[in-house]
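K.L.:
Before we start, here is the structure in question, set down as structure tokens.
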Amino acid sequence: MGALLDNKLYSENTDENAIYRLASISDFNALIANSQQNQTPVFSLTKEQVQRGGAAWNITEDNIKAFRAVFENLANRIVNLTNDNAARIS
């Protein structure tokens with residue numbers, strides 16, 4: 001059984017070296033906990049909400065940005081794979 005879409009479409013919208021992997025999501029457990037506790041999306045968490053300052057906040061802020069980038073990329077890949085123009089069944 002073959003792929004549902006052209007392999008080229010998959011390769012354009014998946015992780016390098018893993019044709020069917022849409023994203024590799026790191027362990028964001030601390031951010032998820034802060035998000036749930038504050039009832040705020042991870043990418044909207046503030047320094048006050050995570051109660052970190054200085055270098056710890058800088059690392060946390062970088063992780064928040066990375067979280068957003070991973071999920072934006074994943075969402076874009078899903079849209080690219082599922083839009084009407086991409087529905088080329090092989």
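If you're wondering about the labels, chains in the structure tokens are A, B, ... by order shown, residues count from 1 in each chain, ligands from 1 in order shown.
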Excluding A:Ser35 and residues on its chain fewer than 4 positions from it, collect all residues at most 9 Å away from it, counting only C-alpha atoms, and give them as a list in words.
P.N.:
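Here the qualifying residues turn out to be Ala30, Leu31, Gln39, Thr40, Pro41, Val42, Phe43, Ser44, Leu45, Gln49 and Val50 of chain A.
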K.L.:
Using only C-alpha atoms, determine which residues lie at most 12 Å from A:Asp27, disregarding the query and same-chain residues fewer than 4 positions distant; provide the list as a list of chain:residue names.
P.N.:
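Contacts, with the query itself left out: A:Leu31, A:Ile32, A:Ala33, A:Asn63, A:Ile64, A:Ala66, A:Phe67, A:Val70.
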K.L.:
Record the distance separating atom CA of A:Arg68 and atom CA of A:Gln36, expressed in Å with one decimal.
P.N.:
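These two atoms are separated by 16.0 Å.
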K.L.:
Please extract the residues of stretch 9-78 of chain A with a backbone DSSP assignment of alpha helix (DSSP H) and present them as JSON, numbers by chain.
P.N.:
{"A": [9, 10, 11, 12, 29, 30, 31, 32, 33, 34, 35, 36, 37, 38, 47, 48, 49, 50, 54, 55, 56, 57, 58, 59, 60, 61, 62, 63, 64, 65, 66, 67, 68, 69, 70, 71, 72, 73, 74, 75, 76, 77, 78]}
K.L.:
Can you measure atom CA of A:Trp57 to atom CA of A:Asn38 for me? One decimal in Å is fine.
P.N.:
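According to the coordinates, atom CA of A:Trp57 and atom CA of A:Asn38 are separated by 16.5 Å.
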K.L.:
May I ask for the distance between atom CA of A:Asn76 and atom CA of A:Phe28, given in Å to one decimal place?
P.N.:
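Computing the Euclidean distance for atom CA of A:Asn76 and atom CA of A:Phe28 yields 20.4 Å.
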K.L.:
Out of A:Gly54, A:Leu5, A:Arg21, A:Gln37, which residue has the shortest atom-to-atom distance to A:Leu74 when counting only C-alpha atoms?
P.N.:
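With only C-alpha atoms as the atom set, the closest residue is A:Arg21.
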K.L.:
Ranking A:Glu48, A:Asn13, A:Val79, A:Ala69 by minimum distance to A:Asn34 and counting only C-alpha atoms, which one comes first?
P.N.:
A:Glu48
K.L.:
Tell me, as a PyMOL selection string, which residues lie within 10 Å of A:Ala23, counting only C-alpha atoms; anything in the same chain fewer than 6 positions away does not count.
P.N.:
chain A and resi 13-16+70-71+73-75+77
K.L.:
Could those residues be written to a file, using C-alpha atoms, as a PDB file, in the first residue's frame?
P.N.:
```
ATOM      1  CA  ASN A  13       6.144  19.216   4.767  1.00  0.00           C
ATOM      2  CA  THR A  14       7.876  16.860   7.172  1.00  0.00           C
ATOM      3  CA  ASP A  15      11.058  16.718   9.211  1.00  0.00           C
ATOM      4  CA  GLU A  16      14.255  16.101   7.310  1.00  0.00           C
ATOM      5  CA  VAL A  70       7.298  24.110  16.693  1.00  0.00           C
ATOM      6  CA  PHE A  71       3.514  24.305  16.832  1.00  0.00           C
ATOM      7  CA  ASN A  73       5.407  24.873  11.886  1.00  0.00           C
ATOM      8  CA  LEU A  74       3.295  21.808  12.672  1.00  0.00           C
ATOM      9  CA  ALA A  75       0.057  23.705  11.961  1.00  0.00           C
ATOM     10  CA  ARG A  77       2.472  21.516   7.622  1.00  0.00           C
TER      11      ARG A  77
END
```
K.L.:
Would you mind telling me which residue in A:Leu9, A:Asn58, A:Lys65, A:Gly53 lies nearest to A:Leu22 when using only C-alpha atoms?
P.N.:
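Of the candidates, the smallest distance to A:Leu22 is held by A:Leu9.
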